[in-house]
Amino acid sequence: YTDYTVIINDNPTQPTVTISGQLSICDNTSTTLTAHADNGLGQFTYSWSDGSVTETIETEVLTSQRPYYVEATDENGCTAYHEVMVRIGDTPGVSISPASPICLGNSTVLQALVSNAGTTYDLVWTAAPNEHSGLLAGTGNRVTVTPTEAGSYQYTVRLTSSSCNGGDYTVTSDPITLVVNPLPTPGITNNTGTTVLTCTETSISLVATGGTSYAWSNQVNVAAKTVNTTGTYHFT
């Protein structure tokens with residue numbers, strides 16, 4: 001006959017396993033999860049819900065919450081199980097209020113609209129082209145710009161916040177365009193051909209040019225006006 005020796009371990013220690021990692025992440029990002037197994041015999045093997053068999057995994061890029069679980073097995077064949085939910089936090093966002101066209105020499109205020117960033121965040125403004133854009137103070141929710149040349153300028157603002165994932169999250173706004181119009185070149189056309197009122201030339205026809213709207217000194221708000229009294233006439 002053959003002798004067999006069988007060793008029976010009474011009450012083997014039940015292993016435990018936990019999952020650590022960032023469990024609240026920003027939309028369209030991923031996170032790293034690590035399994036921590038204890039109290040078992042020897043080395044552990046791991047089996048994750050996504051098919052991974054390593055101790056640490058990188059989740060796929062998530063746009064909605066998703067559960068992840070891991071099963072740890074020791075050399076006795078005893079197992080432990082743990083599950084976590086990876087959630088999508090409120091993702092910070094930033095945009096810029098529309099900017100109306102201005103005339104050269106004027107200033108305008110650009111306003112950043114921040115959402116889901118809490119009360120602590122950083123904003124950095126940029127302009128393209130930067131030269132002549134008038135962007136001097138490049139931080140803060142509101143910046144005043146005074147472009148020094150006519151043309152079109154695009155402004156963007158970059159937001160850095162930690163509200164959705166516990167670490168730095170950066171997002172850049174869509175650009176807004178500011179149109180800076182050149183100053184008009186005013187002129188007056190004298191359709192009568194004279195600036196002297198006489199018995200035969202009792203009125204003079206004047207036409208303002210160079211702009212789109214006009215205000216004469218005698219409170220006439222059209223381009224063409226007829227004068228029949230002496231005086232000095234100007235417009236804006």
# chains A, B, ... in the order shown; residues from 1 in each chain; ligands from 1
call {"tool": "residues_around", "arguments": {"residues": "segment 183-192 of chain A", "least_positions_apart": "2", "cutoff": "12 Å", "atoms": "only C-alpha atoms", "output": "PyMOL selection string"}}
result
chain A and resi 102-106+148-151+180-181+194-197+201-216+223-228+233-236
call {"tool": "closest_atom_pairs", "arguments": {"of": "segment 68-110 of chain A", "to": "segment 55-60 of chain A", "cutoff": "10 Å", "atoms": "only C-alpha atoms", "output": "Markdown table"}}
result
| residue | atom | partner | partner_atom | distance |
| --- | --- | --- | --- | --- |
| A:Tyr68 | CA | A:Thr59 | CA | 8.8 |
| A:Val70 | CA | A:Glu55 | CA | 9.2 |
| A:Ala72 | CA | A:Glu55 | CA | 9.3 |
| A:Val86 | CA | A:Thr59 | CA | 9.3 |
call {"tool": "closest_residue", "arguments": {"among": "A:Asn218, A:Ser64, A:Thr54, A:Thr156", "to": "Thr29 of chain A", "atoms": "only C-alpha atoms"}}
result
A:Ser64
call {"tool": "residues_around", "arguments": {"residues": "Ala117 of chain A", "least_positions_apart": "6", "cutoff": "10 Å", "atoms": "only C-alpha atoms", "output": "list in words"}}
result
Asp90, Thr91, Pro92, Gly93, Val94, Leu159, Thr160, Ser161, Ser162, Ser163, Cys164 and Tyr169 of chain A
call {"tool": "write_last_selection", "arguments": {"atoms": "all heavy atoms", "output": "PDB file, in the first residue's frame"}}
result
ATOM      1  N   ASP A  90     -18.185  67.317 -11.432  1.00  0.00           N
ATOM      2  CA  ASP A  90     -18.578  68.495 -12.204  1.00  0.00           C
ATOM      3  C   ASP A  90     -17.346  69.057 -12.893  1.00  0.00           C
ATOM      4  O   ASP A  90     -16.417  69.556 -12.249  1.00  0.00           O
ATOM      5  CB  ASP A  90     -19.200  69.558 -11.286  1.00  0.00           C
ATOM      6  CG  ASP A  90     -20.550  69.122 -10.749  1.00  0.00           C
ATOM      7  OD1 ASP A  90     -21.230  68.350 -11.447  1.00  0.00           O
ATOM      8  OD2 ASP A  90     -20.921  69.549  -9.646  1.00  0.00           O
ATOM      9  N   THR A  91     -17.346  68.967 -14.204  1.00  0.00           N
ATOM     10  CA  THR A  91     -16.169  69.373 -14.973  1.00  0.00           C
ATOM     11  C   THR A  91     -16.125  70.888 -15.111  1.00  0.00           C
ATOM     12  O   THR A  91     -17.084  71.508 -15.554  1.00  0.00           O
ATOM     13  CB  THR A  91     -16.201  68.724 -16.368  1.00  0.00           C
ATOM     14  OG1 THR A  91     -16.239  67.300 -16.210  1.00  0.00           O
ATOM     15  CG2 THR A  91     -14.966  69.107 -17.171  1.00  0.00           C
ATOM     16  N   PRO A  92     -14.999  71.521 -14.739  1.00  0.00           N
ATOM     17  CA  PRO A  92     -14.897  72.974 -14.885  1.00  0.00           C
ATOM     18  C   PRO A  92     -15.004  73.417 -16.339  1.00  0.00           C
ATOM     19  O   PRO A  92     -14.619  72.691 -17.264  1.00  0.00           O
ATOM     20  CB  PRO A  92     -13.501  73.288 -14.323  1.00  0.00           C
ATOM     21  CG  PRO A  92     -13.178  72.130 -13.444  1.00  0.00           C
ATOM     22  CD  PRO A  92     -13.817  70.945 -14.094  1.00  0.00           C
ATOM     23  N   GLY A  93     -15.531  74.598 -16.531  1.00  0.00           N
ATOM     24  CA  GLY A  93     -15.640  75.173 -17.867  1.00  0.00           C
ATOM     25  C   GLY A  93     -15.392  76.662 -17.825  1.00  0.00           C
ATOM     26  O   GLY A  93     -15.524  77.301 -16.783  1.00  0.00           O
ATOM     27  N   VAL A  94     -15.035  77.213 -18.968  1.00  0.00           N
ATOM     28  CA  VAL A  94     -14.795  78.657 -19.049  1.00  0.00           C
ATOM     29  C   VAL A  94     -15.144  79.135 -20.453  1.00  0.00           C
ATOM     30  O   VAL A  94     -14.905  78.441 -21.438  1.00  0.00           O
ATOM     31  CB  VAL A  94     -13.325  79.005 -18.701  1.00  0.00           C
ATOM     32  CG1 VAL A  94     -12.342  78.395 -19.689  1.00  0.00           C
ATOM     33  CG2 VAL A  94     -13.136  80.508 -18.606  1.00  0.00           C
ATOM     34  N   LEU A 159      -8.289  78.135 -17.985  1.00  0.00           N
ATOM     35  CA  LEU A 159      -8.698  77.904 -16.604  1.00  0.00           C
ATOM     36  C   LEU A 159      -7.986  76.684 -16.047  1.00  0.00           C
ATOM     37  O   LEU A 159      -7.970  75.619 -16.682  1.00  0.00           O
ATOM     38  CB  LEU A 159     -10.219  77.691 -16.536  1.00  0.00           C
ATOM     39  CG  LEU A 159     -10.795  77.116 -15.244  1.00  0.00           C
ATOM     40  CD1 LEU A 159     -10.679  78.129 -14.110  1.00  0.00           C
ATOM     41  CD2 LEU A 159     -12.244  76.690 -15.441  1.00  0.00           C
ATOM     42  N   THR A 160      -7.395  76.823 -14.864  1.00  0.00           N
ATOM     43  CA  THR A 160      -6.821  75.688 -14.138  1.00  0.00           C
ATOM     44  C   THR A 160      -7.547  75.564 -12.808  1.00  0.00           C
ATOM     45  O   THR A 160      -7.589  76.514 -12.027  1.00  0.00           O
ATOM     46  CB  THR A 160      -5.318  75.873 -13.904  1.00  0.00           C
ATOM     47  OG1 THR A 160      -4.648  75.995 -15.160  1.00  0.00           O
ATOM     48  CG2 THR A 160      -4.734  74.679 -13.157  1.00  0.00           C
ATOM     49  N   SER A 161      -8.140  74.374 -12.578  1.00  0.00           N
ATOM     50  CA  SER A 161      -8.943  74.156 -11.375  1.00  0.00           C
ATOM     51  C   SER A 161      -8.750  72.726 -10.916  1.00  0.00           C
ATOM     52  O   SER A 161      -8.205  71.889 -11.624  1.00  0.00           O
ATOM     53  CB  SER A 161     -10.427  74.425 -11.674  1.00  0.00           C
ATOM     54  OG  SER A 161     -11.232  74.098 -10.564  1.00  0.00           O
ATOM     55  N   SER A 162      -9.220  72.432  -9.706  1.00  0.00           N
ATOM     56  CA  SER A 162      -9.077  71.074  -9.159  1.00  0.00           C
ATOM     57  C   SER A 162     -10.405  70.531  -8.654  1.00  0.00           C
ATOM     58  O   SER A 162     -10.434  69.606  -7.870  1.00  0.00           O
ATOM     59  CB  SER A 162      -8.055  71.074  -8.017  1.00  0.00           C
ATOM     60  OG  SER A 162      -8.480  71.934  -6.975  1.00  0.00           O
ATOM     61  N   SER A 163     -11.513  71.095  -9.111  1.00  0.00           N
ATOM     62  CA  SER A 163     -12.786  70.740  -8.485  1.00  0.00           C
ATOM     63  C   SER A 163     -13.303  69.366  -8.886  1.00  0.00           C
ATOM     64  O   SER A 163     -14.009  68.736  -8.123  1.00  0.00           O
ATOM     65  CB  SER A 163     -13.849  71.793  -8.829  1.00  0.00           C
ATOM     66  OG  SER A 163     -14.091  71.805 -10.225  1.00  0.00           O
ATOM     67  N   CYS A 164     -12.975  68.880 -10.080  1.00  0.00           N
ATOM     68  CA  CYS A 164     -13.626  67.637 -10.511  1.00  0.00           C
ATOM     69  C   CYS A 164     -12.791  66.390 -10.259  1.00  0.00           C
ATOM     70  O   CYS A 164     -13.306  65.284 -10.322  1.00  0.00           O
ATOM     71  CB  CYS A 164     -14.017  67.711 -11.989  1.00  0.00           C
ATOM     72  SG  CYS A 164     -12.626  67.810 -13.130  1.00  0.00           S
ATOM     73  N   TYR A 169      -6.800  70.439 -13.283  1.00  0.00           N
ATOM     74  CA  TYR A 169      -7.539  70.209 -14.527  1.00  0.00           C
ATOM     75  C   TYR A 169      -7.515  71.516 -15.290  1.00  0.00           C
ATOM     76  O   TYR A 169      -7.841  72.577 -14.749  1.00  0.00           O
ATOM     77  CB  TYR A 169      -8.975  69.780 -14.240  1.00  0.00           C
ATOM     78  CG  TYR A 169      -9.808  69.584 -15.483  1.00  0.00           C
ATOM     79  CD1 TYR A 169      -9.750  68.393 -16.196  1.00  0.00           C
ATOM     80  CD2 TYR A 169     -10.649  70.591 -15.956  1.00  0.00           C
ATOM     81  CE1 TYR A 169     -10.502  68.207 -17.339  1.00  0.00           C
ATOM     82  CE2 TYR A 169     -11.409  70.407 -17.094  1.00  0.00           C
ATOM     83  CZ  TYR A 169     -11.336  69.214 -17.790  1.00  0.00           C
ATOM     84  OH  TYR A 169     -12.084  69.034 -18.927  1.00  0.00           O
TER      85      TYR A 169
END
call {"tool": "residues_around", "arguments": {"residues": "Ser24 of chain A", "least_positions_apart": "2", "cutoff": "6 Å", "atoms": "only C-alpha atoms", "output": "PDB file with all heavy atoms, in the first residue's frame"}}
result
ATOM      1  N   GLN A  22      -8.050  57.702  -7.569  1.00  0.00           N
ATOM      2  CA  GLN A  22      -8.951  58.852  -7.689  1.00  0.00           C
ATOM      3  C   GLN A  22     -10.293  58.359  -8.209  1.00  0.00           C
ATOM      4  O   GLN A  22     -10.396  57.899  -9.337  1.00  0.00           O
ATOM      5  CB  GLN A  22      -8.352  59.898  -8.631  1.00  0.00           C
ATOM      6  CG  GLN A  22      -9.184  61.150  -8.767  1.00  0.00           C
ATOM      7  CD  GLN A  22      -9.288  61.912  -7.462  1.00  0.00           C
ATOM      8  OE1 GLN A  22      -8.286  62.130  -6.785  1.00  0.00           O
ATOM      9  NE2 GLN A  22     -10.488  62.309  -7.106  1.00  0.00           N
ATOM     10  N   VAL A  86     -16.322  54.603 -10.056  1.00  0.00           N
ATOM     11  CA  VAL A  86     -15.611  55.784 -10.543  1.00  0.00           C
ATOM     12  C   VAL A  86     -16.661  56.742 -11.109  1.00  0.00           C
ATOM     13  O   VAL A  86     -17.371  56.407 -12.054  1.00  0.00           O
ATOM     14  CB  VAL A  86     -14.577  55.417 -11.620  1.00  0.00           C
ATOM     15  CG1 VAL A  86     -13.867  56.673 -12.122  1.00  0.00           C
ATOM     16  CG2 VAL A  86     -13.557  54.428 -11.063  1.00  0.00           C
ATOM     17  N   ARG A  87     -16.745  57.921 -10.528  1.00  0.00           N
ATOM     18  CA  ARG A  87     -17.796  58.873 -10.894  1.00  0.00           C
ATOM     19  C   ARG A  87     -17.206  60.055 -11.662  1.00  0.00           C
ATOM     20  O   ARG A  87     -16.025  60.368 -11.538  1.00  0.00           O
ATOM     21  CB  ARG A  87     -18.519  59.368  -9.632  1.00  0.00           C
ATOM     22  CG  ARG A  87     -19.108  58.242  -8.800  1.00  0.00           C
ATOM     23  CD  ARG A  87     -19.841  58.763  -7.573  1.00  0.00           C
ATOM     24  NE  ARG A  87     -20.268  57.678  -6.704  1.00  0.00           N
ATOM     25  CZ  ARG A  87     -21.383  56.980  -6.882  1.00  0.00           C
ATOM     26  NH1 ARG A  87     -22.176  57.273  -7.890  1.00  0.00           N
ATOM     27  NH2 ARG A  87     -21.709  55.998  -6.058  1.00  0.00           N
ATOM     28  N   ILE A  88     -18.073  60.697 -12.419  1.00  0.00           N
ATOM     29  CA  ILE A  88     -17.691  61.896 -13.160  1.00  0.00           C
ATOM     30  C   ILE A  88     -18.069  63.115 -12.329  1.00  0.00           C
ATOM     31  O   ILE A  88     -19.252  63.340 -12.043  1.00  0.00           O
ATOM     32  CB  ILE A  88     -18.374  61.965 -14.532  1.00  0.00           C
ATOM     33  CG1 ILE A  88     -18.085  60.693 -15.337  1.00  0.00           C
ATOM     34  CG2 ILE A  88     -17.927  63.209 -15.291  1.00  0.00           C
ATOM     35  CD1 ILE A  88     -16.622  60.477 -15.626  1.00  0.00           C
ATOM     36  N   GLY A  89     -17.076  63.871 -11.904  1.00  0.00           N
ATOM     37  CA  GLY A  89     -17.342  65.085 -11.139  1.00  0.00           C
ATOM     38  C   GLY A  89     -17.797  66.211 -12.043  1.00  0.00           C
ATOM     39  O   GLY A  89     -17.832  66.096 -13.278  1.00  0.00           O
ATOM     40  N   ASN A 165     -11.508  66.532  -9.988  1.00  0.00           N
ATOM     41  CA  ASN A 165     -10.700  65.318  -9.836  1.00  0.00           C
ATOM     42  C   ASN A 165      -9.678  65.388  -8.708  1.00  0.00           C
ATOM     43  O   ASN A 165      -8.870  64.473  -8.563  1.00  0.00           O
ATOM     44  CB  ASN A 165      -9.983  65.002 -11.149  1.00  0.00           C
ATOM     45  CG  ASN A 165      -8.980  66.073 -11.538  1.00  0.00           C
ATOM     46  OD1 ASN A 165      -8.863  67.088 -10.859  1.00  0.00           O
ATOM     47  ND2 ASN A 165      -8.270  65.857 -12.625  1.00  0.00           N
TER      48      ASN A 165
END
call {"tool": "select_by_dssp", "arguments": {"residues": "chain A", "states": "strand (DSSP E)", "output": "PyMOL selection string"}}
result
chain A and resi 16-21+24-25+32-38+45-48+56-58+66-73+79-88+93-96+102-103+108-115+122-128+142-145+151-161+169-172+176-181+187-190+204-209+224-227
call {"tool": "write_last_selection", "arguments": {"atoms": "C-alpha atoms", "output": "CSV table (one decimal), in the first residue's frame"}}
result
chain,number,residue,atom,x,y,z
A,16,THR,CA,-8.8,41.1,2.2
A,17,VAL,CA,-8.4,43.4,-0.8
A,18,THR,CA,-9.1,47.2,-1.2
A,19,ILE,CA,-8.9,49.5,-4.2
A,20,SER,CA,-7.2,52.9,-4.0
A,21,GLY,CA,-7.2,55.7,-6.6
A,24,SER,CA,-14.0,61.3,-8.9
A,25,ILE,CA,-12.6,62.3,-12.2
A,32,THR,CA,-5.4,54.8,-12.1
A,33,LEU,CA,-6.7,52.1,-9.7
A,34,THR,CA,-4.5,49.9,-7.5
A,35,ALA,CA,-5.5,46.7,-5.6
A,36,HIS,CA,-4.0,46.2,-2.1
A,37,ALA,CA,-4.4,42.6,-0.8
A,38,ASP,CA,-3.5,41.5,2.7
A,45,THR,CA,-3.1,37.1,-8.2
A,46,TYR,CA,-5.6,39.6,-9.4
A,47,SER,CA,-8.6,39.6,-11.7
A,48,TRP,CA,-10.2,42.9,-12.6
A,56,THR,CA,-2.6,48.4,-11.0
A,57,ILE,CA,-4.7,49.3,-13.9
A,58,GLU,CA,-5.5,52.4,-15.9
A,66,ARG,CA,-18.7,53.1,-14.1
A,67,PRO,CA,-18.0,50.3,-11.5
A,68,TYR,CA,-14.7,48.5,-11.2
A,69,TYR,CA,-14.1,45.4,-9.1
A,70,VAL,CA,-11.1,43.2,-8.4
A,71,GLU,CA,-10.8,39.7,-7.1
A,72,ALA,CA,-7.6,38.8,-5.3
A,73,THR,CA,-6.6,35.1,-4.8
A,79,THR,CA,-10.3,34.9,-2.5
A,80,ALA,CA,-11.3,38.5,-1.6
A,81,TYR,CA,-13.4,40.9,-3.6
A,82,HIS,CA,-13.8,44.7,-3.6
A,83,GLU,CA,-15.7,47.1,-5.9
A,84,VAL,CA,-15.6,50.8,-6.3
A,85,MET,CA,-17.6,53.3,-8.5
A,86,VAL,CA,-15.6,55.8,-10.5
A,87,ARG,CA,-17.8,58.9,-10.9
A,88,ILE,CA,-17.7,61.9,-13.2
A,93,GLY,CA,-15.6,75.2,-17.9
A,94,VAL,CA,-14.8,78.7,-19.0
A,95,SER,CA,-16.1,81.0,-21.8
A,96,ILE,CA,-15.8,84.7,-22.7
A,102,ILE,CA,-14.9,99.3,-30.8
A,103,CYS,CA,-13.2,102.2,-32.4
A,108,THR,CA,-13.4,97.3,-23.7
A,109,VAL,CA,-13.7,94.8,-20.8
A,110,LEU,CA,-13.4,91.1,-21.5
A,111,GLN,CA,-15.3,88.9,-19.0
A,112,ALA,CA,-14.5,85.3,-18.3
A,113,LEU,CA,-17.5,83.1,-17.3
A,114,VAL,CA,-16.3,80.2,-15.1
A,115,SER,CA,-18.4,77.2,-14.1
A,122,ASP,CA,-6.3,80.4,-12.0
A,123,LEU,CA,-7.1,82.2,-15.2
A,124,VAL,CA,-4.5,83.2,-17.8
A,125,TRP,CA,-5.5,85.3,-20.9
A,126,THR,CA,-3.8,85.3,-24.3
A,127,ALA,CA,-4.3,87.2,-27.5
A,128,ALA,CA,-3.6,86.6,-31.2
A,142,ARG,CA,-12.1,90.7,-16.1
A,143,VAL,CA,-9.4,92.3,-18.2
A,144,THR,CA,-9.4,95.6,-19.9
A,145,VAL,CA,-7.9,95.8,-23.4
A,151,GLY,CA,-8.0,95.1,-37.0
A,152,SER,CA,-9.3,91.9,-35.5
A,153,TYR,CA,-8.0,90.3,-32.4
A,154,GLN,CA,-8.8,86.9,-30.9
A,155,TYR,CA,-8.7,86.4,-27.1
A,156,THR,CA,-8.8,83.2,-25.1
A,157,VAL,CA,-8.5,82.4,-21.4
A,158,ARG,CA,-7.1,79.2,-19.8
A,159,LEU,CA,-8.7,77.9,-16.6
A,160,THR,CA,-6.8,75.7,-14.1
A,161,SER,CA,-8.9,74.2,-11.4
A,169,TYR,CA,-7.5,70.2,-14.5
A,170,THR,CA,-7.0,72.7,-17.4
A,171,VAL,CA,-9.4,73.8,-20.0
A,172,THR,CA,-9.2,76.7,-22.5
A,176,ILE,CA,-13.7,85.5,-29.1
A,177,THR,CA,-13.0,88.0,-31.8
A,178,LEU,CA,-12.8,91.8,-31.1
A,179,VAL,CA,-13.1,94.0,-34.1
A,180,VAL,CA,-11.3,97.4,-33.8
A,181,ASN,CA,-12.5,99.8,-36.4
A,187,GLY,CA,-15.1,115.7,-44.6
A,188,ILE,CA,-17.6,118.2,-45.9
A,189,THR,CA,-18.7,118.4,-49.5
A,190,ASN,CA,-20.0,121.8,-50.7
A,204,ILE,CA,-25.6,126.4,-49.5
A,205,SER,CA,-25.9,122.6,-49.7
A,206,LEU,CA,-23.4,120.7,-47.5
A,207,VAL,CA,-22.9,117.0,-47.2
A,208,ALA,CA,-20.9,115.3,-44.4
A,209,THR,CA,-18.7,112.4,-45.4
A,224,ALA,CA,-26.9,116.4,-46.1
A,225,LYS,CA,-28.0,119.8,-44.8
A,226,THR,CA,-28.8,123.2,-46.3
A,227,VAL,CA,-27.7,126.4,-44.6
call {"tool": "closest_residue", "arguments": {"among": "A:Gln14, A:Gly118, A:Pro147, A:Val220", "to": "Glu131 of chain A", "atoms": "only C-alpha atoms"}}
result
A:Pro147
call {"tool": "atom_distance", "arguments": {"atom1": "atom CA of Thr63 of chain A", "atom2": "atom CA of Asp27 of chain A"}}
result
5.2 Å
call {"tool": "closest_residue", "arguments": {"among": "A:Gln43, A:Ser97, A:Ser133, A:Thr230", "to": "Asp74 of chain A", "atoms": "only C-alpha atoms"}}
result
A:Gln43
